[in-house]
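Participant: Got a structure for you, questions after.
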Amino acid sequence: MSTLSTADIRLFIDRHSLTATVLPLDQPTATVEEAASALAVGTDQIIKSLVFVLNAEPLLVINNGRNRVDRKKLGAALGVGRRKVRFADPDQALEITGFAVGSMPPFGHRQPLRTLVDEGVLLHETVFAGGGGGDTMMRLATAELVDVTGAEVVAIAAPPPVNATP
């Protein structure tokens, strides 16, 4: 199976008449901090698209900034115990979505995925997500994100550790 790219994301955006914009950057943006620095925005405006697996079914979880996903809250939102939901490894995530971890967009994957968005993401009108390549990001409206993914908005974030730097 071939890997998807920024060109595939642009096609998805065009096909769905989205206002989202892919932004080419001069530097890699594999981490939240690198992306925030490259875009001159706060880490809470960067969203992460994370692949989890529940009973062999993949799902996408979107969280913002440096927040971790609280697996207990995630399990509760899915109606299962936290041990039933596991984080997909990078190879699985690539196989499921077509995109590498670190550049994964929140939509445009190989297959439609059940999507959960942490409610904290919606504190911003505009957020920045992976753009499908290591040197691209995407600017998009949170309302459009929820609409195009059919996302369920839930409280699943765990705040960053107290000793974490902003």
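Chain labels follow the order of the structure tokens: the first chain is A, the next B, and so on; residue numbering restarts at 1 in every chain, and ligands are counted from 1 in their shown order.
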Any idea what's packed within 8 Å of Lys84 in chain A, counting only C-alpha atoms, ignoring anything in its chain fewer than 5 positions away? Could you give it as a ChimeraX atom specification?
Facilitator: /A:54-55,75
Participant: When DSSP works through the backbone of this structure, what residues of chain A end up as helix (DSSP H, G or I), shown as a PyMOL selection string?
Facilitator: chain A and resi 6-15+32-39+43-45+71-78+82-84+90-97+119-123+142-149
Participant: Which residues of range 24-137 of chain A have any atom within 7 Å of an atom in range 2-7 of chain A when counting only C-alpha atoms, and what is the closest pair of atoms for each, with the distance in Å to one decimal? Order the rows by chain and rising number and write it as JSON lines.
Facilitator:
```
{"residue": "A:Gly98", "atom": "CA", "partner": "A:Thr3", "partner_atom": "CA", "distance": 4.9}
{"residue": "A:Phe99", "atom": "CA", "partner": "A:Leu4", "partner_atom": "CA", "distance": 5.7}
{"residue": "A:Gly131", "atom": "CA", "partner": "A:Thr6", "partner_atom": "CA", "distance": 6.0}
{"residue": "A:Gly132", "atom": "CA", "partner": "A:Thr6", "partner_atom": "CA", "distance": 4.5}
{"residue": "A:Gly133", "atom": "CA", "partner": "A:Thr6", "partner_atom": "CA", "distance": 5.7}
```
Participant: Convert the current residue selection to file output with N, CA, C and O atoms, as a PDB file, in the first residue's frame.
Facilitator:
```
ATOM      1  N   GLY A  98      -2.563   5.838   6.173  1.00  0.00           N
ATOM      2  CA  GLY A  98      -1.795   6.200   4.991  1.00  0.00           C
ATOM      3  C   GLY A  98      -0.794   7.307   5.267  1.00  0.00           C
ATOM      4  O   GLY A  98      -0.019   7.682   4.389  1.00  0.00           O
ATOM      5  N   PHE A  99      -0.813   7.835   6.495  1.00  0.00           N
ATOM      6  CA  PHE A  99       0.082   8.929   6.864  1.00  0.00           C
ATOM      7  C   PHE A  99       0.981   8.533   8.022  1.00  0.00           C
ATOM      8  O   PHE A  99       0.565   7.798   8.920  1.00  0.00           O
ATOM      9  N   GLY A 131      -0.179  18.296   8.017  1.00  0.00           N
ATOM     10  CA  GLY A 131      -0.589  18.556   6.638  1.00  0.00           C
ATOM     11  C   GLY A 131      -0.275  17.424   5.684  1.00  0.00           C
ATOM     12  O   GLY A 131      -0.331  17.599   4.475  1.00  0.00           O
ATOM     13  N   GLY A 132       0.093  16.263   6.237  1.00  0.00           N
ATOM     14  CA  GLY A 132       0.340  15.109   5.384  1.00  0.00           C
ATOM     15  C   GLY A 132       1.795  14.891   5.025  1.00  0.00           C
ATOM     16  O   GLY A 132       2.144  13.872   4.442  1.00  0.00           O
ATOM     17  N   GLY A 133       2.657  15.839   5.366  1.00  0.00           N
ATOM     18  CA  GLY A 133       4.087  15.710   5.106  1.00  0.00           C
ATOM     19  C   GLY A 133       4.872  16.293   6.264  1.00  0.00           C
ATOM     20  O   GLY A 133       4.339  17.086   7.041  1.00  0.00           O
TER      21      GLY A 133
END
```
Participant: Near range 32-43 of chain A, counting only C-alpha atoms, which residues have an atom at most 12 Å away, once you skip same-chain residues fewer than 5 positions from it, shown as a PyMOL selection string?
Facilitator: chain A and resi 23-27+48-49+63-68+101-103+121+124+126-131+134-139+160+165-166
Participant: May I have the residues within 10 Å of Ile156 in chain A as a PyMOL selection string, using only C-alpha atoms and disregarding those fewer than 6 positions away in the same chain?
Facilitator: chain A and resi 61-63+67-77+116-120
Participant: Once DSSP has gone over the backbone, tell me which residues of range 30-158 of chain A are in strand (DSSP E or B), as an MDAnalysis selection string.
Facilitator: chainID A and resid 46:54 57:64 68:69 85:87 114:118 126:130 136:141 152:154 157:158
Participant: Measuring between only C-alpha atoms, which one of A:Ala143, A:Asp44, A:Ile9, A:Thr19 shows the shortest distance to Arg110 in chain A?
Facilitator: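 Of A:Ala143, A:Asp44, A:Ile9, A:Thr19, the one nearest Arg110 in chain A is A:Ile9, counting only C-alpha atoms.
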Participant: Pick out the closest residue to Ile47 in chain A from this set: A:Gly79, A:Pro90, A:Pro105, A:Pro112. Count only C-alpha atoms.
Facilitator: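 Closest residue, counting only C-alpha atoms: A:Pro105.
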